[in-house]
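Printed here is model12.cif (mmCIF, C-alpha atoms):
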data_upload
loop_
_atom_site.label_atom_id
_atom_site.label_comp_id
_atom_site.auth_asym_id
_atom_site.auth_seq_id
_atom_site.Cartn_x
_atom_site.Cartn_y
_atom_site.Cartn_z
CA MET V 389 44.57 136.83 17.17
CA LEU V 390 41.61 137.04 19.47
CA LYS V 391 40.87 140.46 18.09
CA ARG V 392 39.08 138.49 15.47
CA HIS V 393 36.52 137.45 18.04
CA ALA V 394 35.97 141.05 19.12
CA ARG V 395 35.62 142.19 15.51
CA ALA V 396 33.18 139.38 14.78
CA ALA V 397 31.06 140.27 17.78
CA CYS V 398 30.99 143.96 16.78
CA THR V 399 30.11 143.05 13.19
CA ALA V 400 27.26 140.84 14.35
CA LEU V 401 25.89 143.58 16.60
CA ALA V 402 26.19 146.19 13.85
CA ALA V 403 24.38 143.89 11.43
CA ALA V 404 21.60 143.40 13.94
CA GLY V 405 21.27 147.18 14.31
CA LEU V 406 20.98 147.66 10.55
CA LEU V 407 18.31 145.00 10.31
CA LEU V 408 16.30 146.62 13.08
CA ALA V 409 16.64 150.03 11.44
CA GLY V 410 15.24 148.61 8.24
CA THR V 411 12.12 146.97 9.62
CA SER V 412 9.91 150.02 9.04
CA GLY V 413 9.40 148.94 5.44
CA ALA V 414 8.64 145.30 6.27
CA THR V 415 5.22 143.79 5.81
CA ALA V 416 2.95 143.46 8.84
CA ASP V 417 3.46 139.70 9.08
CA SER V 418 7.29 139.82 8.77
CA ALA V 419 9.04 138.29 11.76
CA PRO V 420 11.59 140.58 13.45
CA PRO V 421 15.20 139.39 13.15
CA ALA V 422 16.59 137.39 16.05
CA PRO V 423 19.02 139.40 18.20
CA ALA V 424 22.68 138.50 17.85
CA PRO V 425 24.00 136.33 20.71
CA ALA V 426 25.88 138.29 23.34
CA SER V 427 29.65 138.15 23.05
CA ALA V 428 31.66 136.97 26.03
CA ALA V 429 32.86 140.52 26.68
CA THR V 430 29.25 141.75 26.71
CA THR V 431 28.14 138.92 29.00
CA LEU V 432 30.91 139.70 31.49
CA ARG V 433 30.38 143.48 31.12
CA THR V 434 34.04 144.27 30.57
CA ALA V 435 33.19 147.71 29.15
CA ASP V 436 31.84 148.66 32.59
CA ALA V 437 35.18 148.14 34.36
CA PRO V 438 35.48 150.87 37.03
CA PRO V 439 38.27 153.47 36.78
CA GLU V 440 39.97 152.23 39.98
CA LEU V 441 40.33 148.71 38.60
CA LEU V 442 41.75 150.04 35.32
CA ALA V 443 44.13 152.29 37.26
CA ALA V 444 45.41 149.36 39.33
CA MET V 445 45.96 147.29 36.17
CA GLN V 446 47.89 150.18 34.64
CA ARG V 447 50.08 150.47 37.73
CA ASP V 448 50.77 146.79 38.39
CA LEU V 449 50.80 145.39 34.84
CA GLY V 450 52.49 148.34 33.12
CA LEU V 451 49.54 148.96 30.78
CA THR V 452 47.97 152.02 29.21
CA ARG V 453 44.28 152.60 29.92
CA THR V 454 43.45 151.49 26.36
CA GLN V 455 45.43 148.28 26.82
CA ALA V 456 43.76 147.57 30.15
CA LYS V 457 40.27 147.90 28.64
CA ALA V 458 41.23 145.83 25.59
CA ARG V 459 42.81 143.20 27.81
CA LEU V 460 39.60 142.64 29.80
CA ALA V 461 37.60 142.18 26.57
CA HIS V 462 40.19 139.82 25.06
CA GLU V 463 40.40 137.76 28.27
CA ALA V 464 36.63 137.28 28.28
CA GLU V 465 36.62 136.08 24.66
CA ALA V 466 39.68 133.88 25.26
CA GLY V 467 38.07 132.21 28.26
CA ALA V 468 34.97 131.34 26.25
CA THR V 469 36.97 130.08 23.26
CA ALA V 470 39.30 127.98 25.42
CA ALA V 471 36.36 126.47 27.29
CA ARG V 472 34.59 125.47 24.07
CA LEU V 473 37.81 123.94 22.70
CA ARG V 474 38.40 122.04 25.93
CA ALA V 475 34.99 120.41 25.57
CA ARG V 476 35.68 119.62 21.89
CA LEU V 477 39.20 118.22 22.35
CA GLY V 478 38.30 116.03 25.31
CA ALA V 479 41.15 113.88 26.62
CA ALA V 480 43.63 115.48 24.19
CA PHE V 481 43.28 118.94 25.76
CA ALA V 482 46.57 120.04 27.31
CA GLY V 483 45.80 123.53 28.64
CA ALA V 484 45.31 127.09 27.41
CA TRP V 485 46.73 130.52 28.19
CA VAL V 486 46.74 134.12 26.99
CA ASP V 487 49.78 136.27 26.13
CA GLY V 488 50.52 139.85 25.15
CA ALA V 489 50.11 143.15 26.97
CA ASP V 490 46.44 143.24 25.95
CA ALA V 491 45.98 139.43 26.12
CA SER V 492 45.20 139.34 22.40
CA THR V 493 46.84 135.95 21.81
CA LEU V 494 45.23 132.73 23.03
CA THR V 495 47.19 129.48 22.79
CA VAL V 496 45.51 126.10 23.16
CA ALA V 497 47.61 122.96 23.54
CA THR V 498 46.65 119.48 22.35
CA THR V 499 48.25 116.06 22.13
CA GLN V 500 46.67 115.33 18.74
CA ALA V 501 47.94 116.92 15.53
CA ALA V 502 44.49 116.49 13.99
CA ASP V 503 43.12 119.08 16.44
CA THR V 504 45.35 121.95 15.35
CA ALA V 505 43.17 123.03 12.40
CA ALA V 506 40.09 123.28 14.61
CA ILE V 507 42.03 125.34 17.16
CA ARG V 508 43.36 127.74 14.52
CA ALA V 509 39.87 128.11 13.03
CA THR V 510 38.81 129.87 16.24
CA GLY V 511 41.60 132.45 15.91
CA ALA V 512 43.77 130.81 18.58
CA ARG V 513 47.32 129.50 18.26
CA ALA V 514 47.68 125.72 18.37
CA GLN V 515 50.52 124.03 20.24
CA LEU V 516 51.17 120.32 19.85
CA VAL V 517 52.51 118.70 23.04
CA THR V 518 53.12 115.19 24.36
CA ARG V 519 51.20 115.21 27.67
CA ALA V 520 47.48 115.79 28.24
CA LEU V 521 46.39 118.08 31.07
CA ALA V 522 44.47 115.25 32.74
CA ASP V 523 47.59 113.05 32.86
CA LEU V 524 49.71 115.77 34.45
CA ASP V 525 46.93 116.55 36.94
CA GLY V 526 46.84 112.88 37.86
CA ALA V 527 50.58 112.87 38.54
CA ARG V 528 50.22 116.00 40.67
CA ALA V 529 47.47 114.38 42.73
CA ALA V 530 49.81 111.45 43.48
CA LEU V 531 52.50 113.84 44.69
CA ASP V 532 49.98 115.69 46.87
CA ARG V 533 49.43 112.59 48.98
CA ALA V 534 53.10 112.40 49.92
CA ALA V 535 54.30 116.01 49.81
CA GLY V 536 55.70 117.76 52.86
CA PRO V 537 56.93 121.21 53.87
CA THR V 538 60.12 120.91 51.78
CA THR V 539 58.07 120.53 48.55
CA PRO V 540 55.41 123.12 49.36
CA VAL V 541 53.95 123.88 45.91
CA ARG V 542 53.00 121.68 42.97
CA TYR V 543 51.19 122.71 39.78
CA VAL V 544 50.82 121.93 36.08
CA ASP V 545 52.40 124.56 33.84
CA PRO V 546 50.61 124.34 30.46
CA ARG V 547 53.22 126.51 28.73
CA SER V 548 56.01 124.02 29.40
CA ASN V 549 53.68 120.98 29.44
CA THR V 550 55.28 119.81 32.67
CA LEU V 551 54.45 119.28 36.31
CA VAL V 552 56.34 121.84 38.41
CA VAL V 553 57.50 120.98 41.93
CA GLU V 554 58.97 123.70 44.13
CA GLU V 555 61.51 122.61 46.73
CA THR V 556 63.00 124.51 49.67
CA GLU V 557 65.85 122.03 50.17
CA ALA V 558 68.11 120.47 47.57
CA GLY V 559 67.01 116.92 46.74
CA ALA V 560 63.54 117.25 48.29
CA ALA V 561 61.74 117.04 44.95
CA ALA V 562 63.82 114.03 43.83
CA ALA V 563 62.97 112.23 47.05
CA LEU V 564 59.26 112.95 46.54
CA LEU V 565 59.37 111.62 42.97
CA ALA V 566 61.16 108.48 44.11
CA ALA V 567 58.71 107.89 46.95
CA THR V 568 55.71 108.14 44.62
CA GLY V 569 57.24 106.43 41.58
CA THR V 570 56.70 109.56 39.46
CA ASP V 571 58.54 109.77 36.14
CA ALA V 572 61.13 112.54 36.50
CA ALA V 573 60.68 113.38 32.80
CA LEU V 574 57.27 114.84 33.65
CA VAL V 575 58.67 117.21 36.24
CA THR V 576 60.43 120.56 36.36
CA VAL V 577 62.02 121.29 39.72
CA VAL V 578 62.18 124.90 40.92
CA ARG V 579 64.22 125.90 43.93
CA THR V 580 62.51 128.47 46.17
CA ALA V 581 63.78 130.33 49.22
CA GLU V 582 60.33 130.94 50.73
CA ALA V 583 57.51 128.58 51.55
CA PRO V 584 53.96 129.96 51.33
CA ARG V 585 52.02 130.35 54.56
CA PRO V 586 48.43 131.28 55.33
CA LEU V 587 48.21 135.05 55.57
CA HIS V 588 46.93 135.18 59.14
CA ASP V 589 46.63 138.35 61.20
CA LEU V 590 45.46 140.26 58.81
CA ARG V 591 37.36 143.15 53.64
CA GLY V 592 35.27 142.11 49.58
CA GLY V 593 38.53 143.65 51.01
CA ASP V 594 37.28 145.11 54.35
CA ALA V 595 38.87 143.95 57.57
CA TYR V 596 37.14 141.75 60.11
CA TYR V 597 38.37 140.42 63.43
CA MET V 598 38.02 136.88 64.77
CA ASN V 599 37.08 136.44 68.42
CA GLY V 600 38.12 140.04 68.93
CA SER V 601 41.78 139.43 68.07
CA GLY V 602 43.26 138.18 64.76
CA ARG V 603 42.37 140.02 61.52
CA CYS V 604 41.40 138.74 58.07
CA SER V 605 39.60 140.21 55.04
CA VAL V 606 36.07 139.76 53.69
CA GLY V 607 36.05 137.80 50.42
CA PHE V 608 32.69 138.29 48.70
CA PRO V 609 29.29 139.23 50.16
CA VAL V 610 26.74 136.43 49.77
CA THR V 611 23.24 135.48 50.83
CA LYS V 612 21.73 132.20 51.93
CA GLY V 613 17.97 132.54 51.88
CA THR V 614 17.31 135.71 53.87
CA THR V 615 20.65 135.56 55.70
CA HIS V 616 23.41 137.92 54.62
CA GLY V 617 27.10 137.12 55.06
CA PHE V 618 30.38 136.65 53.23
CA ALA V 619 32.75 134.02 51.86
CA THR V 620 36.31 133.98 53.16
CA ALA V 621 39.27 131.71 53.85
CA GLY V 622 38.90 128.64 56.05
CA HIS V 623 42.14 129.19 57.93
CA CYS V 624 40.74 132.47 59.32
CA GLY V 625 38.30 130.71 61.67
CA ARG V 626 36.36 127.59 62.57
CA ALA V 627 32.59 127.05 62.84
CA GLY V 628 31.49 129.05 65.86
CA THR V 629 34.24 131.66 65.66
CA THR V 630 32.66 135.09 66.19
CA THR V 631 33.57 138.15 64.12
CA THR V 632 33.48 141.91 64.45
CA GLY V 633 33.64 144.24 61.45
CA PHE V 634 36.22 146.79 60.34
CA ASN V 635 34.53 149.21 62.78
CA ARG V 636 34.78 146.71 65.65
CA VAL V 637 30.96 146.35 65.72
CA ALA V 638 29.59 142.83 66.32
CA GLN V 639 29.23 141.25 62.90
CA GLY V 640 28.54 137.51 62.76
CA THR V 641 29.69 133.92 63.21
CA PHE V 642 31.55 131.39 61.07
CA GLN V 643 28.97 128.82 59.92
CA ALA V 644 31.35 126.35 58.25
CA SER V 645 35.04 126.13 57.54
CA VAL V 646 37.45 123.74 55.79
CA PHE V 647 41.23 123.95 56.22
CA PRO V 648 43.46 122.20 55.25
CA GLY V 649 42.22 120.17 52.25
CA ASN V 650 40.60 123.33 50.93
CA ASP V 651 40.69 126.87 52.31
CA MET V 652 37.02 127.90 52.39
CA ALA V 653 34.55 129.27 54.90
CA TRP V 654 31.51 131.50 55.22
CA VAL V 655 30.31 133.88 57.89
CA ALA V 656 26.62 134.61 58.58
CA ALA V 657 26.16 138.25 59.59
CA ASN V 658 23.66 139.67 62.05
CA ALA V 659 20.81 142.02 61.09
CA GLN V 660 23.06 145.07 61.33
CA TRP V 661 24.99 144.04 58.22
CA THR V 662 23.77 143.94 54.61
CA ALA V 663 25.48 142.16 51.72
CA THR V 664 26.38 144.46 48.81
CA PRO V 665 27.64 143.61 45.30
CA TYR V 666 30.93 145.38 45.82
CA VAL V 667 34.61 144.89 46.53
CA LYS V 668 36.62 147.68 48.14
CA GLY V 669 38.79 149.25 45.45
CA SER V 670 41.54 151.82 45.37
CA GLY V 671 40.87 154.71 47.73
CA GLY V 672 37.83 152.92 49.16
CA ALA V 673 35.79 153.16 45.94
CA ASN V 674 33.23 150.43 45.21
CA VAL V 675 34.10 147.93 42.47
CA GLN V 676 31.04 146.11 41.13
CA VAL V 677 30.78 142.33 41.06
CA THR V 678 28.59 140.94 38.26
CA GLY V 679 29.38 137.20 38.25
CA SER V 680 31.81 134.41 39.07
CA VAL V 681 33.26 133.19 35.74
CA LEU V 682 36.78 131.87 36.36
CA GLN V 683 39.27 133.41 33.90
CA PRO V 684 42.07 131.57 32.00
CA VAL V 685 45.78 131.29 32.68
CA GLY V 686 47.50 134.55 31.77
CA ALA V 687 44.44 136.69 32.53
CA SER V 688 44.71 139.78 34.73
CA VAL V 689 43.43 139.57 38.28
CA CYS V 690 43.26 142.16 41.08
CA ARG V 691 43.12 141.58 44.81
CA SER V 692 41.59 143.61 47.66
CA GLY V 693 42.83 143.12 51.20
CA SER V 694 42.71 144.97 54.49
CA THR V 695 46.50 145.23 54.83
CA THR V 696 47.76 146.18 51.38
CA GLY V 697 44.59 147.30 49.54
CA TRP V 698 44.46 146.96 45.73
CA HIS V 699 47.12 145.08 43.80
CA CYS V 700 47.00 143.38 40.41
CA GLY V 701 48.86 140.66 38.56
CA THR V 702 48.09 137.67 36.38
CA ILE V 703 46.79 134.13 36.81
CA GLN V 704 49.65 131.67 36.49
CA GLN V 705 48.09 128.23 37.04
CA HIS V 706 44.78 126.77 38.19
CA ASN V 707 44.34 123.62 40.25
CA THR V 708 47.57 124.12 42.19
CA SER V 709 48.46 122.18 45.35
CA VAL V 710 50.15 123.90 48.28
CA THR V 711 51.51 122.38 51.48
CA TYR V 712 51.40 124.81 54.40
CA PRO V 713 52.77 123.94 57.85
CA GLU V 714 49.17 123.10 58.79
CA GLY V 715 48.70 120.68 55.87
CA THR V 716 48.02 120.45 52.13
CA ILE V 717 45.31 122.30 50.23
CA SER V 718 44.41 121.48 46.63
CA GLY V 719 42.55 123.22 43.82
CA VAL V 720 43.86 126.73 44.48
CA THR V 721 44.98 129.20 41.79
CA ARG V 722 48.53 130.56 41.69
CA THR V 723 48.99 134.25 40.84
CA THR V 724 51.64 136.97 40.60
CA VAL V 725 49.64 139.31 42.87
CA CYS V 726 51.36 140.32 46.10
CA ALA V 727 49.80 140.07 49.56
CA GLU V 728 50.73 140.34 53.21
CA PRO V 729 49.40 139.08 56.54
CA GLY V 730 45.87 140.37 57.15
CA ASP V 731 44.95 140.12 53.44
CA SER V 732 43.80 136.50 53.99
CA GLY V 733 40.23 135.79 52.91
CA GLY V 734 40.12 138.90 50.71
CA SER V 735 38.77 139.22 47.18
CA TYR V 736 40.34 138.35 43.83
CA ILE V 737 38.45 139.84 40.88
CA SER V 738 39.08 139.84 37.12
CA GLY V 739 37.18 142.66 35.44
CA SER V 740 33.85 142.35 37.25
CA GLN V 741 34.05 138.58 37.72
CA ALA V 742 34.69 137.24 41.23
CA GLN V 743 37.55 134.74 41.17
CA GLY V 744 38.29 133.63 44.72
CA VAL V 745 39.52 134.43 48.21
CA THR V 746 43.09 134.90 49.37
CA SER V 747 44.61 131.78 50.87
CA GLY V 748 48.34 132.35 51.30
CA GLY V 749 51.59 133.07 49.59
CA SER V 750 55.17 134.19 49.90
CA GLY V 751 56.98 137.49 49.57
CA ASN V 752 55.31 140.87 50.17
CA CYS V 753 54.10 143.98 48.38
CA SER V 754 57.46 145.74 48.64
CA SER V 755 59.70 143.18 46.98
CA GLY V 756 56.98 141.19 45.17
CA GLY V 757 55.58 137.74 45.77
CA THR V 758 53.39 134.82 44.75
CA THR V 759 49.89 134.25 46.15
CA PHE V 760 47.22 131.58 45.95
CA PHE V 761 43.44 131.97 45.99
CA GLN V 762 40.72 129.48 46.79
CA PRO V 763 38.28 129.67 43.83
CA LEU V 764 34.90 131.10 44.82
CA ASN V 765 32.53 128.81 42.90
CA PRO V 766 33.35 125.73 45.02
CA ILE V 767 32.60 127.78 48.17
CA LEU V 768 29.23 128.89 46.78
CA SER V 769 28.39 125.32 45.80
CA ALA V 770 29.58 123.67 49.00
CA TYR V 771 27.56 125.93 51.28
CA GLY V 772 24.55 126.78 49.08
CA LEU V 773 25.44 130.47 48.91
CA THR V 774 24.38 133.07 46.34
CA LEU V 775 26.95 135.62 45.29
CA LYS V 776 25.66 139.18 45.63
CA VAL V 777 25.91 140.75 42.17
CA SER V 778 24.91 144.09 40.69
CA GLY V 779 22.36 144.39 37.94
CA SER V 780 20.35 141.24 38.71
CA ASP V 781 18.90 139.21 41.53
CA PRO V 782 18.10 135.50 41.10
CA GLY V 783 15.20 135.88 43.55
CA PRO V 784 13.74 133.06 45.62
CA GLY V 785 12.96 130.76 42.67
CA PRO V 786 10.08 128.26 42.53
CA GLY V 787 8.67 126.79 45.70
CA PRO V 788 9.25 123.16 46.76
CA GLY V 789 7.95 120.76 44.15
CA GLU V 790 7.32 123.47 41.57
CA PRO V 791 8.92 123.03 38.13
CA GLU V 792 11.59 125.47 37.04
CA PRO V 793 10.28 127.49 34.05
CA GLY V 794 12.06 126.57 30.84
CA GLY V 795 13.70 123.34 31.98
CA THR V 796 16.29 122.25 34.53
CA TRP V 797 18.46 125.41 34.35
CA LYS V 798 18.06 127.41 37.53
CA ALA V 799 19.35 130.82 38.57
CA GLY V 800 21.49 130.63 41.69
CA THR V 801 22.93 127.20 40.87
CA VAL V 802 26.70 126.83 40.54
CA TYR V 803 27.46 124.97 37.30
CA ALA V 804 30.82 123.36 36.59
CA ALA V 805 32.22 123.02 33.08
CA GLY V 806 30.65 119.94 31.48
CA ALA V 807 27.35 120.11 33.38
CA THR V 808 24.23 119.77 31.21
CA VAL V 809 20.83 121.44 31.58
CA THR V 810 17.66 121.83 29.59
CA HIS V 811 16.07 125.18 28.76
CA GLY V 812 13.26 125.98 26.35
CA GLY V 813 13.18 122.40 25.10
CA ALA V 814 16.90 122.27 24.23
CA THR V 815 19.91 120.76 26.02
CA TYR V 816 23.00 122.81 26.82
CA ARG V 817 26.47 121.98 28.14
CA CYS V 818 28.29 124.40 30.46
CA VAL V 819 31.65 125.50 29.02
CA GLN V 820 32.79 127.89 31.79
CA GLY V 821 32.05 127.29 35.45
CA HIS V 822 29.87 130.02 37.03
CA GLN V 823 26.92 130.72 39.29
CA ALA V 824 23.81 131.17 37.12
CA GLN V 825 21.80 134.36 37.37
CA THR V 826 18.75 135.92 35.75
CA GLY V 827 19.74 137.19 32.31
CA TRP V 828 22.31 134.41 31.90
CA GLU V 829 19.84 131.83 30.56
CA PRO V 830 21.72 129.38 28.27
CA PRO V 831 20.45 130.71 24.91
CA ASN V 832 21.53 134.23 25.90
CA VAL V 833 25.15 133.54 26.84
CA PRO V 834 27.10 131.37 24.34
CA ALA V 835 30.25 132.27 26.27
CA LEU V 836 28.94 130.09 29.12
CA TRP V 837 26.68 127.49 27.45
CA GLN V 838 26.89 125.43 24.28
CA ARG V 839 23.81 123.80 22.74
CA VAL V 840 24.15 120.05 22.26
#

Just give me the structure of the file as structure tokens.
Amino acid sequence: MLKRHARAACTALAAAGLLLAGTSGATADSAPPAPAPASAATTLRTADAPPELLAAMQRDLGLTRTQAKARLAHEAEAGATAARLRARLGAAFAGAWVDGADASTLTVATTQAADTAAIRATGARAQLVTRALADLDGARAALDRAAGPTTPVRYVDPRSNTLVVEETEAGAAAALLAATGTDAALVTVVRTAEAPRPLHDLRGGDAYYMNGSGRCSVGFPVTKGTTHGFATAGHCGRAGTTTTGFNRVAQGTFQASVFPGNDMAWVAANAQWTATPYVKGSGGANVQVTGSVLQPVGASVCRSGSTTGWHCGTIQQHNTSVTYPEGTISGVTRTTVCAEPGDSGGSYISGSQAQGVTSGGSGNCSSGGTTFFQPLNPILSAYGLTLKVSGSDPGPGPGPGEPEPGGTWKAGTVYAAGATVTHGGATYRCVQGHQAQTGWEPPNVPALWQRV
């Protein structure tokens, strides 16, 4: 169904080309036609996906190369469509996900029958359900406050419109529901033999070593002013922990770290290290990072880690809560990608969009497993970091007290869905969370901003 979006975008671009080709006969005072707005796939540069990422998707998701390329384009369009519908449906929104080998079908759930026509008008499937996403998230938050090691994972599954609780012992989920007064009708209980754990011992995918001993993986290279460094998992080290690189050369120091609660940290590197806009791909090849737009449920995602290298899977749920032996973390994303100890802190990327850093999981890359990543945008926002991306550089921006050209929008700022800015005299609402960058001004990227 979402192929309609791709066709529409191509048609608009073709029309723009024809208009430009025909301007030679226009009068001198004719205004040139306005360029067509960039499609979501163009904004996220899905056509530039590197061969190693496509190869990993083919291997791990059972796709052909054509399907892998189509999937990335469809996921980009689906993410933008779902985000716009979420803003439109408000409290009735009950989640969204993509299906199909090439992710060509987007489904959006709502609690109001009156919304279904608007959903279908976008090319998406409409699903009428009884529970809003916000209500199920509220119930999950209540469980988080009382959960223990025997109910290690809790998340909202939009496909079933229920709150899923995993238990390692029979009756553990029932006891948790009773203790919190949660309606059992909201919950699906899943028995699991393994509890997730932080993937200790373990670079974008390269290895680094903490205090000369334990090993983790670099998440994403970042800058803070003139300082270069990287984002990684909080459980890998505390503020003050020193690091050496994959080559055992002195590298840097943890500046801040949160774990449990969240699983986020950043390391400031010394002058010998330079941040690059890359993640280590298959065979050591560089995979470009061009932004940080979080992709929807069902989208493909690939992970780079120093133990197991490149592996791919799909996003299962966002805003998941996990209880490790060390405590509960919230707001992580659950995936079908495998990982093993030493992969902690490493990069999750969808197409060229940075998603997050490896937190923990269960299973392994021989028999399969489930992993969780800490989304990257909250790390960038919490610590005032700028993701290193290829193709653009936000630059230093205006000096203190100087107005931002064009309004309140500012490159380098992390915007959450729902945030509003002004630019060029107009007001825009963010529909997909991301870190702004030059070239992504609101009028240029309707996949990320909606004029209000």

Exercise. Please provide the set of residues having any atom within 10 Å of V:Ser718, restricted to only C-alpha atoms, with same-chain residues fewer than 3 positions apart removed, written as a ChimeraX atom specification.
Key: /V:528-529,532,541-543,648-651,706-711,721,762

Residues of stretch 683-784 of chain V that approach stretch 659-677 of chain V to 10 Å or less, counting all atoms listed in the file: could you list each one with the shortest pair of atoms and its distance in Å to one decimal, rows by chain and increasing residue number, as a tab-separated table?
residue	atom	partner	partner_atom	distance
V:Cys690	CA	V:Gly669	CA	9.5
V:Arg691	CA	V:Gly669	CA	8.8
V:Ser692	CA	V:Lys668	CA	6.4
V:Gly693	CA	V:Lys668	CA	8.3
V:Ser694	CA	V:Lys668	CA	9.2
V:Gly697	CA	V:Ser670	CA	6.9
V:Trp698	CA	V:Ser670	CA	5.7
V:His699	CA	V:Ser670	CA	8.9
V:Gly734	CA	V:Val667	CA	9.1
V:Ser735	CA	V:Val667	CA	7.1
V:Tyr736	CA	V:Val667	CA	9.1
V:Ile737	CA	V:Val677	CA	8.1
V:Ser738	CA	V:Val677	CA	9.5
V:Gly739	CA	V:Val677	CA	8.5
V:Ser740	CA	V:Val677	CA	4.9
V:Gln741	CA	V:Val677	CA	6.0
V:Ala742	CA	V:Val677	CA	6.4
V:Leu775	CA	V:Pro665	CA	8.0
V:Lys776	CA	V:Pro665	CA	4.9
V:Val777	CA	V:Pro665	CA	4.6
V:Ser778	CA	V:Pro665	CA	5.4
V:Gly779	CA	V:Pro665	CA	9.1

Quiz item: In Å to one decimal, how far is atom CA of V:Pro729 from atom CA of V:Cys604?
Solution: 8.2 Å

Practice problem: Do a neighbour search on V:Gly806 at 8 Å with all atoms listed in the file, toss out local chain neighbours closer than 3 positions, and write the hits as a ChimeraX atom specification. | Solution: /V:475,817-819

Taking the file as shown, find all residues satisfying the PyMOL selection byres ((chain V and resi 492) around 12) and write them as a CSV table (one decimal) with C-alpha atoms, keeping the file's coordinate frame.
chain,number,residue,atom,x,y,z
V,389,MET,CA,44.6,136.8,17.2
V,390,LEU,CA,41.6,137.0,19.5
V,391,LYS,CA,40.9,140.5,18.1
V,392,ARG,CA,39.1,138.5,15.5
V,393,HIS,CA,36.5,137.4,18.0
V,394,ALA,CA,36.0,141.0,19.1
V,455,GLN,CA,45.4,148.3,26.8
V,456,ALA,CA,43.8,147.6,30.2
V,457,LYS,CA,40.3,147.9,28.6
V,458,ALA,CA,41.2,145.8,25.6
V,459,ARG,CA,42.8,143.2,27.8
V,460,LEU,CA,39.6,142.6,29.8
V,461,ALA,CA,37.6,142.2,26.6
V,462,HIS,CA,40.2,139.8,25.1
V,463,GLU,CA,40.4,137.8,28.3
V,464,ALA,CA,36.6,137.3,28.3
V,465,GLU,CA,36.6,136.1,24.7
V,466,ALA,CA,39.7,133.9,25.3
V,467,GLY,CA,38.1,132.2,28.3
V,485,TRP,CA,46.7,130.5,28.2
V,486,VAL,CA,46.7,134.1,27.0
V,487,ASP,CA,49.8,136.3,26.1
V,488,GLY,CA,50.5,139.8,25.2
V,489,ALA,CA,50.1,143.2,27.0
V,490,ASP,CA,46.4,143.2,26.0
V,491,ALA,CA,46.0,139.4,26.1
V,493,THR,CA,46.8,136.0,21.8
V,494,LEU,CA,45.2,132.7,23.0
V,495,THR,CA,47.2,129.5,22.8
V,511,GLY,CA,41.6,132.4,15.9
V,512,ALA,CA,43.8,130.8,18.6
V,513,ARG,CA,47.3,129.5,18.3
V,686,GLY,CA,47.5,134.6,31.8
V,687,ALA,CA,44.4,136.7,32.5

Practice problem: Pick out the residues sitting within 12 Å of V:Gly756, and hand them over as a ChimeraX atom specification; count only C-alpha atoms, and ignore anything fewer than 5 positions along from it in its own chain. | Solution: /V:448,699-701,723-728,749-751

Quiz prompt | Chain and number of each residue from the PyMOL selection byres ((chain V and resi 561) around 10), as a PyMOL selection string | solution = chain V and resi 531+535-536+538-540+552-560+562-567+572+575-579

Quiz item: Looking at V:Gln683, V:Thr498, V:Thr580, V:Asn599, which one is nearest to V:Ala429, with distances taken over all atoms listed in the file?
Solution: V:Gln683

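Reported to one decimal place, the separation of atom CA of V:Ala656 from atom CA of V:Ser601 is 18.5 Å.
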
Quiz item: With only C-alpha atoms as the basis for distance, which of V:Ala505, V:Val681, V:Met598, V:Ala805 is at the shortest distance from V:Ala638?
Solution: V:Met598

Exercise. Work out how far atom CA of V:Leu836 is from atom CA of V:Gln820, in Å to one decimal.
Key: 5.2 Å

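The smallest atom-to-atom distance between V:Ile703 and any of V:Thr570, V:Gly640, V:Gly795, V:Asp545, using all atoms listed in the file, is found for V:Asp545.
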
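Nearest residue to V:Gly633, choosing from V:Met652, V:Tyr597, V:Thr810, V:His616 and counting all atoms listed in the file: V:Tyr597.
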
Quiz item: Can you list, as a PyMOL selection string, every protein, DNA or RNA residue that comes within 10 Å of V:Thr518 when you count all atoms listed in the file, leaving out same-chain residues fewer than 2 positions away?
Solution: chain V and resi 480+482+497-500+516+520-521+549-550
